file model-v2.pdb (PDB, N, CA and C atoms)
ATOM      1  N   MET Y   1     -11.627  -9.168  13.702
ATOM      2  CA  MET Y   1     -12.299  -8.122  12.962
ATOM      3  C   MET Y   1     -13.106  -7.223  13.892
ATOM      4  N   ARG Y   2     -13.488  -7.733  15.060
ATOM      5  CA  ARG Y   2     -14.161  -6.855  16.024
ATOM      6  C   ARG Y   2     -13.245  -5.718  16.440
ATOM      7  N   THR Y   3     -11.971  -6.055  16.616
ATOM      8  CA  THR Y   3     -11.004  -5.021  16.987
ATOM      9  C   THR Y   3     -10.876  -4.011  15.859
ATOM     10  N   ARG Y   4     -10.825  -4.480  14.625
ATOM     11  CA  ARG Y   4     -10.732  -3.585  13.463
ATOM     12  C   ARG Y   4     -11.949  -2.653  13.410
ATOM     13  N   ARG Y   5     -13.127  -3.211  13.657
ATOM     14  CA  ARG Y   5     -14.345  -2.393  13.659
ATOM     15  C   ARG Y   5     -14.257  -1.313  14.735
ATOM     16  N   HIS Y   6     -13.806  -1.693  15.914
ATOM     17  CA  HIS Y   6     -13.674  -0.725  17.010
ATOM     18  C   HIS Y   6     -12.676   0.375  16.640
ATOM     19  N   VAL Y   7     -11.545  -0.011  16.070
ATOM     20  CA  VAL Y   7     -10.509   0.957  15.672
ATOM     21  C   VAL Y   7     -11.068   1.928  14.639
ATOM     22  N   GLN Y   8     -11.687   1.409  13.602
ATOM     23  CA  GLN Y   8     -12.214   2.260  12.537
ATOM     24  C   GLN Y   8     -13.331   3.178  13.053
ATOM     25  N   SER Y   9     -14.195   2.649  13.900
ATOM     26  CA  SER Y   9     -15.291   3.457  14.448
ATOM     27  C   SER Y   9     -14.756   4.585  15.316
ATOM     28  N   ARG Y  10     -13.759   4.288  16.124
ATOM     29  CA  ARG Y  10     -13.165   5.311  16.983
ATOM     30  C   ARG Y  10     -12.487   6.402  16.154
ATOM     31  N   ALA Y  11     -11.965   6.023  14.998
ATOM     32  CA  ALA Y  11     -11.275   6.989  14.136
ATOM     33  C   ALA Y  11     -12.240   7.812  13.288
ATOM     34  N   GLY Y  12     -13.528   7.445  13.274
ATOM     35  CA  GLY Y  12     -14.500   8.248  12.539
ATOM     36  C   GLY Y  12     -15.338   7.508  11.514
ATOM     37  N   ALA Y  13     -15.080   6.220  11.315
ATOM     38  CA  ALA Y  13     -15.866   5.448  10.345
ATOM     39  C   ALA Y  13     -17.258   5.171  10.903
ATOM     40  N   ARG Y  14     -18.241   5.182  10.040
ATOM     41  CA  ARG Y  14     -19.625   4.909  10.428
ATOM     42  C   ARG Y  14     -20.169   3.773   9.566
ATOM     43  N   ASN Y  15     -21.152   3.069  10.085
ATOM     44  CA  ASN Y  15     -21.814   1.974   9.352
ATOM     45  C   ASN Y  15     -20.810   0.935   8.856
ATOM     46  N   TRP Y  16     -19.883   0.545   9.698
ATOM     47  CA  TRP Y  16     -18.850  -0.421   9.340
ATOM     48  C   TRP Y  16     -19.491  -1.788   9.135
ATOM     49  N   THR Y  17     -19.128  -2.463   8.049
ATOM     50  CA  THR Y  17     -19.607  -3.827   7.808
ATOM     51  C   THR Y  17     -18.475  -4.687   7.258
ATOM     52  N   LEU Y  18     -18.604  -5.980   7.460
ATOM     53  CA  LEU Y  18     -17.707  -6.963   6.866
ATOM     54  C   LEU Y  18     -18.589  -7.909   6.066
ATOM     55  N   GLN Y  19     -18.336  -8.005   4.769
ATOM     56  CA  GLN Y  19     -19.195  -8.783   3.881
ATOM     57  C   GLN Y  19     -18.399  -9.903   3.227
ATOM     58  N   ARG Y  20     -19.002 -11.088   3.170
ATOM     59  CA  ARG Y  20     -18.377 -12.229   2.507
ATOM     60  C   ARG Y  20     -19.040 -12.439   1.153
ATOM     61  N   ASN Y  21     -18.225 -12.588   0.131
ATOM     62  CA  ASN Y  21     -18.717 -12.817  -1.222
ATOM     63  C   ASN Y  21     -19.235 -14.255  -1.321
ATOM     64  N   LEU Y  22     -20.497 -14.423  -1.700
ATOM     65  CA  LEU Y  22     -21.089 -15.757  -1.763
ATOM     66  C   LEU Y  22     -20.561 -16.579  -2.934
ATOM     67  N   GLN Y  23     -20.123 -15.925  -4.000
ATOM     68  CA  GLN Y  23     -19.604 -16.648  -5.153
ATOM     69  C   GLN Y  23     -18.126 -16.993  -4.994
ATOM     70  N   THR Y  24     -17.412 -16.188  -4.216
ATOM     71  CA  THR Y  24     -16.002 -16.445  -3.915
ATOM     72  C   THR Y  24     -15.854 -16.334  -2.399
ATOM     73  N   PRO Y  25     -16.136 -17.415  -1.654
ATOM     74  CA  PRO Y  25     -16.171 -17.349  -0.197
ATOM     75  C   PRO Y  25     -14.880 -16.875   0.474
ATOM     76  N   SER Y  26     -13.770 -16.943  -0.224
ATOM     77  CA  SER Y  26     -12.516 -16.469   0.374
ATOM     78  C   SER Y  26     -12.361 -14.951   0.248
ATOM     79  N   LEU Y  27     -13.290 -14.301  -0.453
ATOM     80  CA  LEU Y  27     -13.230 -12.855  -0.659
ATOM     81  C   LEU Y  27     -14.114 -12.140   0.357
ATOM     82  N   TRP Y  28     -13.490 -11.260   1.128
ATOM     83  CA  TRP Y  28     -14.191 -10.475   2.143
ATOM     84  C   TRP Y  28     -14.047  -8.997   1.800
ATOM     85  N   THR Y  29     -15.090  -8.223   2.092
ATOM     86  CA  THR Y  29     -15.068  -6.790   1.822
ATOM     87  C   THR Y  29     -15.424  -6.029   3.089
ATOM     88  N   GLU Y  30     -14.552  -5.109   3.466
ATOM     89  CA  GLU Y  30     -14.800  -4.223   4.602
ATOM     90  C   GLU Y  30     -15.337  -2.914   4.034
ATOM     91  N   THR Y  31     -16.465  -2.448   4.544
ATOM     92  CA  THR Y  31     -17.011  -1.171   4.088
ATOM     93  C   THR Y  31     -17.331  -0.295   5.290
ATOM     94  N   PHE Y  32     -17.233   0.997   5.077
ATOM     95  CA  PHE Y  32     -17.651   1.963   6.089
ATOM     96  C   PHE Y  32     -17.888   3.288   5.402
ATOM     97  N   ARG Y  33     -18.504   4.192   6.113
ATOM     98  CA  ARG Y  33     -18.797   5.524   5.573
ATOM     99  C   ARG Y  33     -18.219   6.575   6.498
ATOM    100  N   THR Y  34     -17.942   7.712   5.910
ATOM    101  CA  THR Y  34     -17.567   8.892   6.683
ATOM    102  C   THR Y  34     -18.465  10.029   6.203
ATOM    103  N   PRO Y  35     -18.764  10.984   7.082
ATOM    104  CA  PRO Y  35     -19.676  12.057   6.684
ATOM    105  C   PRO Y  35     -19.197  12.871   5.479
ATOM    106  N   THR Y  36     -17.900  13.136   5.401
ATOM    107  CA  THR Y  36     -17.364  13.944   4.307
ATOM    108  C   THR Y  36     -16.061  13.342   3.806
ATOM    109  N   TRP Y  37     -15.617  13.816   2.660
ATOM    110  CA  TRP Y  37     -14.342  13.380   2.104
ATOM    111  C   TRP Y  37     -13.192  13.758   3.041
ATOM    112  N   MET Y  38     -13.263  14.939   3.626
ATOM    113  CA  MET Y  38     -12.214  15.372   4.561
ATOM    114  C   MET Y  38     -12.157  14.454   5.777
ATOM    115  N   ASP Y  39     -13.305  14.006   6.260
ATOM    116  CA  ASP Y  39     -13.321  13.066   7.386
ATOM    117  C   ASP Y  39     -12.623  11.767   7.001
ATOM    118  N   PHE Y  40     -12.826  11.324   5.758
ATOM    119  CA  PHE Y  40     -12.139  10.116   5.303
ATOM    120  C   PHE Y  40     -10.627  10.333   5.288
ATOM    121  N   LEU Y  41     -10.194  11.474   4.766
ATOM    122  CA  LEU Y  41      -8.761  11.750   4.701
ATOM    123  C   LEU Y  41      -8.144  11.830   6.094
ATOM    124  N   ARG Y  42      -8.891  12.340   7.051
ATOM    125  CA  ARG Y  42      -8.395  12.455   8.430
ATOM    126  C   ARG Y  42      -8.378  11.117   9.159
ATOM    127  N   LEU Y  43      -9.174  10.170   8.695
ATOM    128  CA  LEU Y  43      -9.325   8.896   9.384
ATOM    129  C   LEU Y  43      -7.980   8.229   9.660
ATOM    130  N   ASN Y  44      -7.135   8.123   8.658
ATOM    131  CA  ASN Y  44      -5.844   7.449   8.844
ATOM    132  C   ASN Y  44      -4.898   8.229   9.743
ATOM    133  N   HIS Y  45      -5.067   9.544   9.795
ATOM    134  CA  HIS Y  45      -4.211  10.349  10.667
ATOM    135  C   HIS Y  45      -4.594  10.204  12.130
ATOM    136  N   ARG Y  46      -5.792   9.712  12.393
ATOM    137  CA  ARG Y  46      -6.261   9.529  13.770
ATOM    138  C   ARG Y  46      -5.835   8.195  14.364
ATOM    139  N   LEU Y  47      -5.308   7.300  13.550
ATOM    140  CA  LEU Y  47      -4.936   5.974  14.030
ATOM    141  C   LEU Y  47      -3.682   6.034  14.893
ATOM    142  N   THR Y  48      -3.720   5.309  16.004
ATOM    143  CA  THR Y  48      -2.553   5.218  16.882
ATOM    144  C   THR Y  48      -1.631   4.117  16.365
ATOM    145  N   ALA Y  49      -0.456   3.993  16.966
ATOM    146  CA  ALA Y  49       0.476   2.924  16.582
ATOM    147  C   ALA Y  49      -0.169   1.559  16.820
ATOM    148  N   ALA Y  50      -0.895   1.416  17.919
ATOM    149  CA  ALA Y  50      -1.573   0.145  18.213
ATOM    150  C   ALA Y  50      -2.652  -0.142  17.170
ATOM    151  N   ASP Y  51      -3.360   0.902  16.735
ATOM    152  CA  ASP Y  51      -4.381   0.738  15.694
ATOM    153  C   ASP Y  51      -3.748   0.245  14.400
ATOM    154  N   LYS Y  52      -2.610   0.813  14.054
ATOM    155  CA  LYS Y  52      -1.919   0.417  12.822
ATOM    156  C   LYS Y  52      -1.418  -1.019  12.916
ATOM    157  N   GLU Y  53      -1.057  -1.461  14.124
ATOM    158  CA  GLU Y  53      -0.631  -2.851  14.318
ATOM    159  C   GLU Y  53      -1.779  -3.816  14.036
ATOM    160  N   VAL Y  54      -2.991  -3.428  14.392
ATOM    161  CA  VAL Y  54      -4.164  -4.262  14.093
ATOM    162  C   VAL Y  54      -4.268  -4.452  12.580
ATOM    163  N   GLY Y  55      -4.125  -3.371  11.829
ATOM    164  CA  GLY Y  55      -4.169  -3.457  10.370
ATOM    165  C   GLY Y  55      -3.058  -4.332   9.809
ATOM    166  N   GLN Y  56      -1.858  -4.202  10.353
ATOM    167  CA  GLN Y  56      -0.733  -5.022   9.895
ATOM    168  C   GLN Y  56      -0.972  -6.499  10.202
ATOM    169  N   HIS Y  57      -1.545  -6.774  11.370
ATOM    170  CA  HIS Y  57      -1.852  -8.163  11.731
ATOM    171  C   HIS Y  57      -2.859  -8.760  10.745
ATOM    172  N   LEU Y  58      -3.877  -7.991  10.396
ATOM    173  CA  LEU Y  58      -4.866  -8.483   9.437
ATOM    174  C   LEU Y  58      -4.234  -8.723   8.070
ATOM    175  N   LEU Y  59      -3.340  -7.843   7.652
ATOM    176  CA  LEU Y  59      -2.640  -8.050   6.374
ATOM    177  C   LEU Y  59      -1.802  -9.323   6.399
ATOM    178  N   SER Y  60      -1.235  -9.653   7.549
ATOM    179  CA  SER Y  60      -0.413 -10.864   7.657
ATOM    180  C   SER Y  60      -1.258 -12.131   7.499
ATOM    181  N   LEU Y  61      -2.557 -12.040   7.709
ATOM    182  CA  LEU Y  61      -3.450 -13.191   7.547
ATOM    183  C   LEU Y  61      -3.833 -13.430   6.086
ATOM    184  N   HIS Y  62      -3.561 -12.462   5.230
ATOM    185  CA  HIS Y  62      -3.916 -12.562   3.808
ATOM    186  C   HIS Y  62      -3.120 -13.679   3.145
ATOM    187  N   GLU Y  63      -3.825 -14.563   2.417
ATOM    188  CA  GLU Y  63      -3.174 -15.712   1.788
ATOM    189  C   GLU Y  63      -3.033 -15.595   0.277
ATOM    190  N   GLY Y  64      -3.631 -14.597  -0.326
ATOM    191  CA  GLY Y  64      -3.586 -14.469  -1.781
ATOM    192  C   GLY Y  64      -2.241 -13.973  -2.282
ATOM    193  N   GLU Y  65      -2.014 -14.159  -3.588
ATOM    194  CA  GLU Y  65      -0.775 -13.685  -4.203
ATOM    195  C   GLU Y  65      -0.813 -12.186  -4.445
ATOM    196  N   VAL Y  66      -2.002 -11.660  -4.714
ATOM    197  CA  VAL Y  66      -2.184 -10.232  -4.967
ATOM    198  C   VAL Y  66      -2.604  -9.569  -3.656
ATOM    199  N   PRO Y  67      -1.983  -8.448  -3.291
ATOM    200  CA  PRO Y  67      -2.362  -7.797  -2.028
ATOM    201  C   PRO Y  67      -3.808  -7.295  -2.063
ATOM    202  N   PRO Y  68      -4.421  -7.143  -0.900
ATOM    203  CA  PRO Y  68      -5.793  -6.622  -0.849
ATOM    204  C   PRO Y  68      -5.884  -5.265  -1.544
ATOM    205  N   GLN Y  69      -7.029  -5.010  -2.158
ATOM    206  CA  GLN Y  69      -7.235  -3.762  -2.891
ATOM    207  C   GLN Y  69      -8.131  -2.820  -2.102
ATOM    208  N   THR Y  70      -7.887  -1.535  -2.265
ATOM    209  CA  THR Y  70      -8.745  -0.505  -1.694
ATOM    210  C   THR Y  70      -9.544   0.118  -2.827
ATOM    211  N   VAL Y  71     -10.852   0.186  -2.649
ATOM    212  CA  VAL Y  71     -11.739   0.801  -3.633
ATOM    213  C   VAL Y  71     -12.466   1.938  -2.932
ATOM    214  N   LEU Y  72     -12.359   3.137  -3.483
ATOM    215  CA  LEU Y  72     -13.023   4.302  -2.909
ATOM    216  C   LEU Y  72     -14.253   4.638  -3.732
ATOM    217  N   SER Y  73     -15.366   4.894  -3.062
ATOM    218  CA  SER Y  73     -16.614   5.245  -3.735
ATOM    219  C   SER Y  73     -17.235   6.440  -3.045
ATOM    220  N   ILE Y  74     -17.983   7.208  -3.808
ATOM    221  CA  ILE Y  74     -18.735   8.328  -3.253
ATOM    222  C   ILE Y  74     -20.208   8.015  -3.436
ATOM    223  N   GLU Y  75     -20.948   8.108  -2.358
ATOM    224  CA  GLU Y  75     -22.382   7.842  -2.407
ATOM    225  C   GLU Y  75     -23.112   9.144  -2.696
ATOM    226  N   ARG Y  76     -23.978   9.110  -3.686
ATOM    227  CA  ARG Y  76     -24.765  10.288  -4.054
ATOM    228  C   ARG Y  76     -26.234  10.004  -3.808
ATOM    229  N   THR Y  77     -26.957  11.008  -3.403
ATOM    230  CA  THR Y  77     -28.391  10.857  -3.213
ATOM    231  C   THR Y  77     -29.086  10.752  -4.563
ATOM    232  N   THR Y  78     -30.194  10.023  -4.612
ATOM    233  CA  THR Y  78     -30.952   9.906  -5.858
ATOM    234  C   THR Y  78     -32.129  10.869  -5.881
ATOM    235  N   GLU Y  79     -32.311  11.604  -4.799
ATOM    236  CA  GLU Y  79     -33.400  12.573  -4.735
ATOM    237  C   GLU Y  79     -33.024  13.829  -5.502
ATOM    238  N   ALA Y  80     -34.029  14.500  -6.019
ATOM    239  CA  ALA Y  80     -33.794  15.766  -6.712
ATOM    240  C   ALA Y  80     -33.339  16.806  -5.695
ATOM    241  N   ILE Y  81     -32.391  17.604  -6.079
ATOM    242  CA  ILE Y  81     -31.894  18.669  -5.221
ATOM    243  C   ILE Y  81     -32.580  19.958  -5.635
ATOM    244  N   ARG Y  82     -33.231  20.592  -4.692
ATOM    245  CA  ARG Y  82     -33.930  21.844  -4.997
ATOM    246  C   ARG Y  82     -33.028  23.030  -4.731
ATOM    247  N   THR Y  83     -33.047  23.926  -5.664
ATOM    248  CA  THR Y  83     -32.349  25.197  -5.498
ATOM    249  C   THR Y  83     -33.366  26.303  -5.697
ATOM    250  N   ARG Y  84     -32.964  27.522  -5.465
ATOM    251  CA  ARG Y  84     -33.899  28.639  -5.647
ATOM    252  C   ARG Y  84     -34.431  28.700  -7.077
ATOM    253  N   THR Y  85     -33.579  28.391  -8.033
ATOM    254  CA  THR Y  85     -33.997  28.495  -9.436
ATOM    255  C   THR Y  85     -34.851  27.315  -9.875
ATOM    256  N   SER Y  86     -34.895  26.245  -9.097
ATOM    257  CA  SER Y  86     -35.677  25.083  -9.514
ATOM    258  C   SER Y  86     -36.917  24.875  -8.645
ATOM    259  N   THR Y  87     -37.385  25.924  -8.000
ATOM    260  CA  THR Y  87     -38.584  25.816  -7.181
ATOM    261  C   THR Y  87     -39.779  25.490  -8.067
ATOM    262  N   ILE Y  88     -40.566  24.547  -7.629
ATOM    263  CA  ILE Y  88     -41.733  24.130  -8.401
ATOM    264  C   ILE Y  88     -42.955  24.868  -7.860
ATOM    265  N   PHE Y  89     -43.702  25.498  -8.768
ATOM    266  CA  PHE Y  89     -44.912  26.226  -8.386
ATOM    267  C   PHE Y  89     -46.121  25.389  -8.762
ATOM    268  N   SER Y  90     -47.130  25.400  -7.900
ATOM    269  CA  SER Y  90     -48.355  24.679  -8.226
ATOM    270  C   SER Y  90     -49.227  25.495  -9.171
ATOM    271  N   ARG Y  91     -48.996  26.775  -9.221
ATOM    272  CA  ARG Y  91     -49.693  27.652 -10.164
ATOM    273  C   ARG Y  91     -48.673  28.648 -10.699
ATOM    274  N   PRO Y  92     -48.910  29.212 -11.834
ATOM    275  CA  PRO Y  92     -47.942  30.163 -12.402
ATOM    276  C   PRO Y  92     -47.759  31.373 -11.482
ATOM    277  N   PRO Y  93     -46.534  31.895 -11.368
ATOM    278  CA  PRO Y  93     -46.316  33.081 -10.535
ATOM    279  C   PRO Y  93     -47.000  34.296 -11.145
ATOM    280  N   ARG Y  94     -47.423  35.249 -10.323
ATOM    281  CA  ARG Y  94     -48.120  36.447 -10.817
ATOM    282  C   ARG Y  94     -47.174  37.589 -10.968
TER     283      ARG Y  94
END

call {"tool": "encode", "arguments": {"input": "model-v2.pdb", "output": "structure tokens"}}
result
Amino acid sequence: MRTRRHVQSRAGARNWTLQRNLQTPSLWTETFRTPTWMDFLRLNHRLTAADKEVGQHLLSLHEGEVPPQTVLSIERTTEAIRTRTSTIFSRPPR
């Protein structure tokens, strides 16, 4: 998995992690972030043949009957977004 992390990071993935599910110890989750959706789409196009072999090798280690699943998520900020029309005034405008 160190090799996988290196491959993904070189291709543009950030904050790569490998997480083990405590309730189902055989379940592992790989997560990473990309700055934009376009960066994510480009990620797979940046992989070399050797990089793709790493992924195939990891798939060959899978023992379950159902193939591994890919889940895509978009992270949104919880902070309020200010625009010109939503400027907050401490006193009424004159």

call {"tool": "atom_distance", "arguments": {"input": "model-v2.pdb", "atom1": "atom CA of Y:Arg4", "atom2": "atom CA of Y:Thr77"}}
result
28.3 Å

call {"tool": "select_by_dssp", "arguments": {"input": "model-v2.pdb", "residues": "stretch 17-76 of chain Y", "states": "alpha helix (DSSP H)", "output": "ChimeraX atom specification"}}
result
/Y:37-43,49-60

call {"tool": "write_last_selection", "arguments": {"input": "model-v2.pdb", "atoms": "N, CA and C atoms", "output": "PDB file, in the frame of the given file"}}
result
ATOM      1  N   TRP Y  37     -15.617  13.816   2.660  1.00  0.00           N
ATOM      2  CA  TRP Y  37     -14.342  13.380   2.104  1.00  0.00           C
ATOM      3  C   TRP Y  37     -13.192  13.758   3.041  1.00  0.00           C
ATOM      4  N   MET Y  38     -13.263  14.939   3.626  1.00  0.00           N
ATOM      5  CA  MET Y  38     -12.214  15.372   4.561  1.00  0.00           C
ATOM      6  C   MET Y  38     -12.157  14.454   5.777  1.00  0.00           C
ATOM      7  N   ASP Y  39     -13.305  14.006   6.260  1.00  0.00           N
ATOM      8  CA  ASP Y  39     -13.321  13.066   7.386  1.00  0.00           C
ATOM      9  C   ASP Y  39     -12.623  11.767   7.001  1.00  0.00           C
ATOM     10  N   PHE Y  40     -12.826  11.324   5.758  1.00  0.00           N
ATOM     11  CA  PHE Y  40     -12.139  10.116   5.303  1.00  0.00           C
ATOM     12  C   PHE Y  40     -10.627  10.333   5.288  1.00  0.00           C
ATOM     13  N   LEU Y  41     -10.194  11.474   4.766  1.00  0.00           N
ATOM     14  CA  LEU Y  41      -8.761  11.750   4.701  1.00  0.00           C
ATOM     15  C   LEU Y  41      -8.144  11.830   6.094  1.00  0.00           C
ATOM     16  N   ARG Y  42      -8.891  12.340   7.051  1.00  0.00           N
ATOM     17  CA  ARG Y  42      -8.395  12.455   8.430  1.00  0.00           C
ATOM     18  C   ARG Y  42      -8.378  11.117   9.159  1.00  0.00           C
ATOM     19  N   LEU Y  43      -9.174  10.170   8.695  1.00  0.00           N
ATOM     20  CA  LEU Y  43      -9.325   8.896   9.384  1.00  0.00           C
ATOM     21  C   LEU Y  43      -7.980   8.229   9.660  1.00  0.00           C
ATOM     22  N   ALA Y  49      -0.456   3.993  16.966  1.00  0.00           N
ATOM     23  CA  ALA Y  49       0.476   2.924  16.582  1.00  0.00           C
ATOM     24  C   ALA Y  49      -0.169   1.559  16.820  1.00  0.00           C
ATOM     25  N   ALA Y  50      -0.895   1.416  17.919  1.00  0.00           N
ATOM     26  CA  ALA Y  50      -1.573   0.145  18.213  1.00  0.00           C
ATOM     27  C   ALA Y  50      -2.652  -0.142  17.170  1.00  0.00           C
ATOM     28  N   ASP Y  51      -3.360   0.902  16.735  1.00  0.00           N
ATOM     29  CA  ASP Y  51      -4.381   0.738  15.694  1.00  0.00           C
ATOM     30  C   ASP Y  51      -3.748   0.245  14.400  1.00  0.00           C
ATOM     31  N   LYS Y  52      -2.610   0.813  14.054  1.00  0.00           N
ATOM     32  CA  LYS Y  52      -1.919   0.417  12.822  1.00  0.00           C
ATOM     33  C   LYS Y  52      -1.418  -1.019  12.916  1.00  0.00           C
ATOM     34  N   GLU Y  53      -1.057  -1.461  14.124  1.00  0.00           N
ATOM     35  CA  GLU Y  53      -0.631  -2.851  14.318  1.00  0.00           C
ATOM     36  C   GLU Y  53      -1.779  -3.816  14.036  1.00  0.00           C
ATOM     37  N   VAL Y  54      -2.991  -3.428  14.392  1.00  0.00           N
ATOM     38  CA  VAL Y  54      -4.164  -4.262  14.093  1.00  0.00           C
ATOM     39  C   VAL Y  54      -4.268  -4.452  12.580  1.00  0.00           C
ATOM     40  N   GLY Y  55      -4.125  -3.371  11.829  1.00  0.00           N
ATOM     41  CA  GLY Y  55      -4.169  -3.457  10.370  1.00  0.00           C
ATOM     42  C   GLY Y  55      -3.058  -4.332   9.809  1.00  0.00           C
ATOM     43  N   GLN Y  56      -1.858  -4.202  10.353  1.00  0.00           N
ATOM     44  CA  GLN Y  56      -0.733  -5.022   9.895  1.00  0.00           C
ATOM     45  C   GLN Y  56      -0.972  -6.499  10.202  1.00  0.00           C
ATOM     46  N   HIS Y  57      -1.545  -6.774  11.370  1.00  0.00           N
ATOM     47  CA  HIS Y  57      -1.852  -8.163  11.731  1.00  0.00           C
ATOM     48  C   HIS Y  57      -2.859  -8.760  10.745  1.00  0.00           C
ATOM     49  N   LEU Y  58      -3.877  -7.991  10.396  1.00  0.00           N
ATOM     50  CA  LEU Y  58      -4.866  -8.483   9.437  1.00  0.00           C
ATOM     51  C   LEU Y  58      -4.234  -8.723   8.070  1.00  0.00           C
ATOM     52  N   LEU Y  59      -3.340  -7.843   7.652  1.00  0.00           N
ATOM     53  CA  LEU Y  59      -2.640  -8.050   6.374  1.00  0.00           C
ATOM     54  C   LEU Y  59      -1.802  -9.323   6.399  1.00  0.00           C
ATOM     55  N   SER Y  60      -1.235  -9.653   7.549  1.00  0.00           N
ATOM     56  CA  SER Y  60      -0.413 -10.864   7.657  1.00  0.00           C
ATOM     57  C   SER Y  60      -1.258 -12.131   7.499  1.00  0.00           C
TER      58      SER Y  60
END

call {"tool": "residues_around", "arguments": {"input": "model-v2.pdb", "residues": "stretch 14-19 of chain Y", "least_positions_apart": "5", "cutoff": "7 Å", "atoms": "only N, CA and C atoms", "output": "PyMOL selection string"}}
result
chain Y and resi 5+8-9+27-35

call {"tool": "write_last_selection", "arguments": {"input": "model-v2.pdb", "atoms": "N, CA and C atoms", "output": "CSV table (one decimal), in the coordinates of the input"}}
result
chain,number,residue,atom,x,y,z
Y,5,ARG,N,-13.1,-3.2,13.7
Y,5,ARG,CA,-14.3,-2.4,13.7
Y,5,ARG,C,-14.3,-1.3,14.7
Y,8,GLN,N,-11.7,1.4,13.6
Y,8,GLN,CA,-12.2,2.3,12.5
Y,8,GLN,C,-13.3,3.2,13.1
Y,9,SER,N,-14.2,2.6,13.9
Y,9,SER,CA,-15.3,3.5,14.4
Y,9,SER,C,-14.8,4.6,15.3
Y,27,LEU,N,-13.3,-14.3,-0.5
Y,27,LEU,CA,-13.2,-12.9,-0.7
Y,27,LEU,C,-14.1,-12.1,0.4
Y,28,TRP,N,-13.5,-11.3,1.1
Y,28,TRP,CA,-14.2,-10.5,2.1
Y,28,TRP,C,-14.0,-9.0,1.8
Y,29,THR,N,-15.1,-8.2,2.1
Y,29,THR,CA,-15.1,-6.8,1.8
Y,29,THR,C,-15.4,-6.0,3.1
Y,30,GLU,N,-14.6,-5.1,3.5
Y,30,GLU,CA,-14.8,-4.2,4.6
Y,30,GLU,C,-15.3,-2.9,4.0
Y,31,THR,N,-16.5,-2.4,4.5
Y,31,THR,CA,-17.0,-1.2,4.1
Y,31,THR,C,-17.3,-0.3,5.3
Y,32,PHE,N,-17.2,1.0,5.1
Y,32,PHE,CA,-17.7,2.0,6.1
Y,32,PHE,C,-17.9,3.3,5.4
Y,33,ARG,N,-18.5,4.2,6.1
Y,33,ARG,CA,-18.8,5.5,5.6
Y,33,ARG,C,-18.2,6.6,6.5
Y,34,THR,N,-17.9,7.7,5.9
Y,34,THR,CA,-17.6,8.9,6.7
Y,34,THR,C,-18.5,10.0,6.2
Y,35,PRO,N,-18.8,11.0,7.1
Y,35,PRO,CA,-19.7,12.1,6.7
Y,35,PRO,C,-19.2,12.9,5.5

call {"tool": "atom_distance", "arguments": {"input": "model-v2.pdb", "atom1": "atom N of Y:Gly55", "atom2": "atom C of Y:Ser73"}}
result
22.1 Å

call {"tool": "atom_distance", "arguments": {"input": "model-v2.pdb", "atom1": "atom CA of Y:Leu43", "atom2": "atom C of Y:Ala11"}}
result
5.0 Å

call {"tool": "select_by_dssp", "arguments": {"input": "model-v2.pdb", "residues": "stretch 22-72 of chain Y", "states": "strand (DSSP E or B)", "output": "list of chain:residue names"}}
result
Y:Trp28, Y:Thr29, Y:Glu30, Y:Thr31, Y:Phe32, Y:Arg33
